[in-house]
Amino acid sequence: MSSQTPTTPIPHDPDARSQRPQRRRLFSYISKRELARVNRLLQREFFGGLIIMLAALIGFIAANSPIAEWFLELRELKLGPEALGLRLSVGHWASDGLLAIFFFMVGLELKREFVEGDLRSPRTAIVPVAAAVGGVIVPAGIYLAVNAGTSTSHGWAIPTATDIAFAVAVLALIAPGLNPSLRMFLLTLAVVDDFIAIAIIAVFYTDGVNFLPLLIAVVPALAFATLIRWRGEWFARSKWGAWLILLPLGIVTWAFFYNSGIHATIAGVVLAFLVPVRGKTGGEVAETLNSRFQPLSAFIAVPIFALFAAGVPLGGASRFPGDVVAIGIMLGLVVGKPLGITLTTWLLTRFTRATLGSSVRWSEIVGVGALAGVGFTVAMLVSELSFSDPSDVDTARLSVMVASLLAVAVAAAVFMPGARRRKQAMADAQHARKTD
């Protein structure tokens, strides 16, 4: 037999498609299991967001109605034991006390995202994390530019926050058929945004630390951690165990955090991070507790805070809308948020191998960025922490409310034409099937 003559290998064209680095599509895939979980979460946030809107509207009307004097006196009414350093106004209880429950819920969702969700893998985390960072830096920069050289520059963190419940409720109303991966992007973005806000509050809005109460707080926190890790699945199954055992330990931990000088809402995040995502036999713990305490947060704690925070009299001390505080906040939330999020996402597609999914438009990224400008709950809290002058606080509160409404209007202008096109396309498809 004659030996075969070896053939010369054909060189590959370096510009051939097969030789190009594989590009990763952003917002192109979401597993059915994760989609079902996100849809459940979005549904809960939707109803919570509607209640927050209603509570804020009632508070604003009450502060500008014949019962305004009674309403404002109620907000300043002092309650609580003086000996324990907990004689606080009703408004203070709402912002420092009830919001700790909200931050506990945020912490549980963060813990799950870090352990099992999109934030577990750098590959999936890079987009929402980078977008959230961009959505914090640009609004803060705009606010600082407007307030440069003034005493109000300390409020730079106000336009950096996103109200997840409010944003989700609006999204469900104006763009119900939006790509599921974009809804998940908004949810994850808002969770990361909340994490950044928590870090900002802990680092920049703590005047001083009293270490003795902080050390004492370790005792109930350790008891909480020991119990939830030892019997986590039992607490998840029990209807009353978490309420009767874990909640009292959480309240004691919160009280010592408050007296330590660290903002008391941080206690909620610390306790949430102590909760395991799954128990010893693999059962859900964090998500079950999230569902268990969600009504307390969404239907009681946050609406009460919104009720009093939105109670700003128009004829009061506010300098809205011409003051630099108002201009900085509104520009930061309405312009800075969508600009920072969209620009960061574009930079990822420009300088990495990532591209947008085929079903995602850049206009939809702008719309999601605009919705992130709905900064109600955390922005209101940071407004209270930023200023000691009541006129500055009232100016900031009004600015946050107006900016949130403007952000909704911008998002609606972006999303609603697409929603009409999707609705018409579905109608055409149904008509085509009937005629066939």
# chains A, B, ... in the order shown; residues from 1 in each chain; ligands from 1
call {"tool": "closest_atom_pairs", "arguments": {"of": "stretch 226-307 of chain A", "to": "stretch 61-77 of chain A", "cutoff": "12 Å", "atoms": "only C-alpha atoms", "output": "JSON lines"}}
result
{"residue": "A:Ile304", "atom": "CA", "partner": "A:Arg75", "partner_atom": "CA", "distance": 10.7}
{"residue": "A:Phe305", "atom": "CA", "partner": "A:Arg75", "partner_atom": "CA", "distance": 10.4}
{"residue": "A:Ala306", "atom": "CA", "partner": "A:Arg75", "partner_atom": "CA", "distance": 11.9}
{"residue": "A:Leu307", "atom": "CA", "partner": "A:Ala62", "partner_atom": "CA", "distance": 9.1}
call {"tool": "closest_atom_pairs", "arguments": {"of": "stretch 376-418 of chain A", "to": "stretch 172-183 of chain A", "cutoff": "8 Å", "atoms": "only C-alpha atoms", "output": "Markdown table"}}
result
| residue | atom | partner | partner_atom | distance |
| --- | --- | --- | --- | --- |
| A:Ala412 | CA | A:Ile174 | CA | 6.0 |
| A:Phe415 | CA | A:Ala175 | CA | 6.0 |
| A:Met416 | CA | A:Ile174 | CA | 6.2 |
call {"tool": "write_last_selection", "arguments": {"atoms": "N, CA, C and O atoms", "output": "PDB file, in the first residue's frame"}}
result
ATOM      1  N   ALA A 412     -42.485  56.025  31.879  1.00  0.00           N
ATOM      2  CA  ALA A 412     -43.713  55.760  31.118  1.00  0.00           C
ATOM      3  C   ALA A 412     -43.560  56.204  29.667  1.00  0.00           C
ATOM      4  O   ALA A 412     -43.995  55.506  28.739  1.00  0.00           O
ATOM      5  N   PHE A 415     -41.399  53.438  28.058  1.00  0.00           N
ATOM      6  CA  PHE A 415     -41.920  52.072  27.987  1.00  0.00           C
ATOM      7  C   PHE A 415     -43.253  51.951  27.254  1.00  0.00           C
ATOM      8  O   PHE A 415     -43.512  50.943  26.593  1.00  0.00           O
ATOM      9  N   MET A 416     -44.134  52.933  27.391  1.00  0.00           N
ATOM     10  CA  MET A 416     -45.507  52.746  26.917  1.00  0.00           C
ATOM     11  C   MET A 416     -45.623  52.583  25.402  1.00  0.00           C
ATOM     12  O   MET A 416     -46.434  51.778  24.933  1.00  0.00           O
TER      13      MET A 416
END
call {"tool": "atom_distance", "arguments": {"atom1": "atom CA of A:Phe257", "atom2": "atom CA of A:Gly241"}}
result
23.6 Å
call {"tool": "residues_around", "arguments": {"residues": "stretch 367-372 of chain A", "least_positions_apart": "5", "cutoff": "7 Å", "atoms": "only C-alpha atoms", "output": "PDB file with C-alpha atoms, in the first residue's frame"}}
result
ATOM      1  CA  THR A 162     -33.845  53.299  44.556  1.00  0.00           C
ATOM      2  CA  ALA A 167     -40.303  50.994  41.159  1.00  0.00           C
ATOM      3  CA  LEU A 186     -34.209  45.991  37.813  1.00  0.00           C
ATOM      4  CA  VAL A 334     -34.332  62.091  37.118  1.00  0.00           C
ATOM      5  CA  LYS A 337     -29.890  57.645  37.589  1.00  0.00           C
ATOM      6  CA  PRO A 338     -30.779  56.710  33.995  1.00  0.00           C
ATOM      7  CA  ILE A 341     -27.057  53.056  34.625  1.00  0.00           C
ATOM      8  CA  THR A 342     -27.281  53.313  30.833  1.00  0.00           C
ATOM      9  CA  ALA A 407     -38.889  59.578  37.029  1.00  0.00           C
ATOM     10  CA  VAL A 408     -42.139  57.640  36.633  1.00  0.00           C
ATOM     11  CA  VAL A 410     -39.896  59.544  32.016  1.00  0.00           C
ATOM     12  CA  ALA A 411     -40.110  55.737  32.369  1.00  0.00           C
ATOM     13  CA  VAL A 414     -40.008  55.301  27.292  1.00  0.00           C
ATOM     14  CA  PHE A 415     -41.920  52.072  27.987  1.00  0.00           C
TER      15      PHE A 415
END
call {"tool": "residues_around", "arguments": {"residues": "A:Ala298", "least_positions_apart": "6", "cutoff": "10 Å", "atoms": "only C-alpha atoms", "output": "ChimeraX atom specification"}}
result
/A:44-52,101-102,105,165,304
call {"tool": "write_last_selection", "arguments": {"atoms": "C-alpha atoms", "output": "PDB file, in the first residue's frame"}}
result
ATOM      1  CA  ARG A  44     -45.304  40.945  46.599  1.00  0.00           C
ATOM      2  CA  GLU A  45     -43.387  44.145  45.896  1.00  0.00           C
ATOM      3  CA  PHE A  46     -46.155  45.335  43.545  1.00  0.00           C
ATOM      4  CA  PHE A  47     -48.848  45.294  46.212  1.00  0.00           C
ATOM      5  CA  GLY A  48     -46.448  46.737  48.774  1.00  0.00           C
ATOM      6  CA  GLY A  49     -45.590  49.551  46.375  1.00  0.00           C
ATOM      7  CA  LEU A  50     -49.255  50.437  45.866  1.00  0.00           C
ATOM      8  CA  ILE A  51     -49.782  50.651  49.634  1.00  0.00           C
ATOM      9  CA  ILE A  52     -46.681  52.829  50.025  1.00  0.00           C
ATOM     10  CA  ILE A 101     -37.742  45.640  59.466  1.00  0.00           C
ATOM     11  CA  PHE A 102     -37.523  46.845  55.861  1.00  0.00           C
ATOM     12  CA  MET A 105     -35.958  42.142  54.336  1.00  0.00           C
ATOM     13  CA  ALA A 165     -41.298  48.365  45.916  1.00  0.00           C
ATOM     14  CA  ILE A 304     -46.224  54.128  58.273  1.00  0.00           C
TER      15      ILE A 304
END
call {"tool": "select_by_dssp", "arguments": {"residues": "stretch 102-300 of chain A", "states": "alpha helix (DSSP H)", "output": "PyMOL selection string"}}
result
chain A and resi 102-115+122-146+164-174+180-204+211-230+232-237+241+247-260+265-273+286-296
call {"tool": "select_by_dssp", "arguments": {"residues": "stretch 30-210 of chain A", "states": "strand (DSSP E or B)", "output": "list in words"}}
result
Lys78, Leu79, Leu88 and Ser89 of chain A
call {"tool": "write_last_selection", "arguments": {"atoms": "C-alpha atoms", "output": "PDB file, in the first residue's frame"}}
result
ATOM      1  CA  LYS A  78     -42.770  61.268  72.239  1.00  0.00           C
ATOM      2  CA  LEU A  79     -43.162  57.598  73.172  1.00  0.00           C
ATOM      3  CA  LEU A  88     -38.487  58.918  70.593  1.00  0.00           C
ATOM      4  CA  SER A  89     -41.000  60.834  68.512  1.00  0.00           C
TER       5      SER A  89
END
call {"tool": "residues_around", "arguments": {"residues": "A:Thr395", "least_positions_apart": "2", "cutoff": "9 Å", "atoms": "only C-alpha atoms", "output": "list of chain:residue names"}}
result
A:Val312, A:Ala317, A:Ser318, A:Arg319, A:Phe320, A:Pro321, A:Asp323, A:Val325, A:Ala326, A:Pro390, A:Ser391, A:Asp392, A:Val393, A:Arg397, A:Leu398, A:Ser399, A:Val400
call {"tool": "write_last_selection", "arguments": {"atoms": "C-alpha atoms", "output": "PDB file, in the first residue's frame"}}
result
ATOM      1  CA  VAL A 312     -44.560  67.981  54.249  1.00  0.00           C
ATOM      2  CA  ALA A 317     -40.203  75.915  55.903  1.00  0.00           C
ATOM      3  CA  SER A 318     -39.421  74.282  52.575  1.00  0.00           C
ATOM      4  CA  ARG A 319     -37.476  76.262  49.948  1.00  0.00           C
ATOM      5  CA  PHE A 320     -38.643  73.976  47.126  1.00  0.00           C
ATOM      6  CA  PRO A 321     -38.186  74.159  44.116  1.00  0.00           C
ATOM      7  CA  ASP A 323     -33.067  75.806  46.256  1.00  0.00           C
ATOM      8  CA  VAL A 325     -30.858  71.064  47.479  1.00  0.00           C
ATOM      9  CA  ALA A 326     -34.016  70.602  45.394  1.00  0.00           C
ATOM     10  CA  PRO A 390     -35.947  71.462  59.263  1.00  0.00           C
ATOM     11  CA  SER A 391     -36.179  73.646  56.151  1.00  0.00           C
ATOM     12  CA  ASP A 392     -33.475  71.572  54.442  1.00  0.00           C
ATOM     13  CA  VAL A 393     -35.212  68.341  55.454  1.00  0.00           C
ATOM     14  CA  ARG A 397     -38.456  65.442  51.110  1.00  0.00           C
ATOM     15  CA  LEU A 398     -40.516  67.432  48.608  1.00  0.00           C
ATOM     16  CA  SER A 399     -37.729  67.118  46.061  1.00  0.00           C
ATOM     17  CA  VAL A 400     -37.604  63.329  46.453  1.00  0.00           C
TER      18      VAL A 400
END
call {"tool": "closest_residue", "arguments": {"among": "A:Pro303, A:Gly232, A:Pro213, A:Gly261", "to": "A:Leu98", "atoms": "only C-alpha atoms"}}
result
A:Pro303
call {"tool": "residues_around", "arguments": {"residues": "stretch 233-239 of chain A", "least_positions_apart": "6", "cutoff": "8 Å", "atoms": "only C-alpha atoms", "output": "list of chain:residue names"}}
result
A:Arg278, A:Gly279, A:Lys280, A:Gly283, A:Glu284, A:Val285, A:Thr288, A:Leu289
call {"tool": "atom_distance", "arguments": {"atom1": "atom CA of A:Gly117", "atom2": "atom CA of A:Ala190"}}
result
14.0 Å
call {"tool": "closest_residue", "arguments": {"among": "A:Thr160, A:Ser404, A:Thr281, A:Thr352", "to": "A:Gly336", "atoms": "only C-alpha atoms"}}
result
A:Thr160
call {"tool": "atom_distance", "arguments": {"atom1": "atom CA of A:Gly97", "atom2": "atom CA of A:Asn210"}}
result
18.8 Å
call {"tool": "closest_residue", "arguments": {"among": "A:Ala199, A:Val191, A:Val382, A:Leu271", "to": "A:Leu227", "atoms": "only C-alpha atoms"}}
result
A:Leu271
call {"tool": "residues_around", "arguments": {"residues": "A:Val133", "least_positions_apart": "5", "cutoff": "10 Å", "atoms": "only C-alpha atoms", "output": "PyMOL selection string"}}
result
chain A and resi 127-128+138+160+189+192-193+196+340-341+344
call {"tool": "closest_residue", "arguments": {"among": "A:Leu54, A:Val324, A:Ile137, A:Leu84", "to": "A:Leu343", "atoms": "only C-alpha atoms"}}
result
A:Ile137
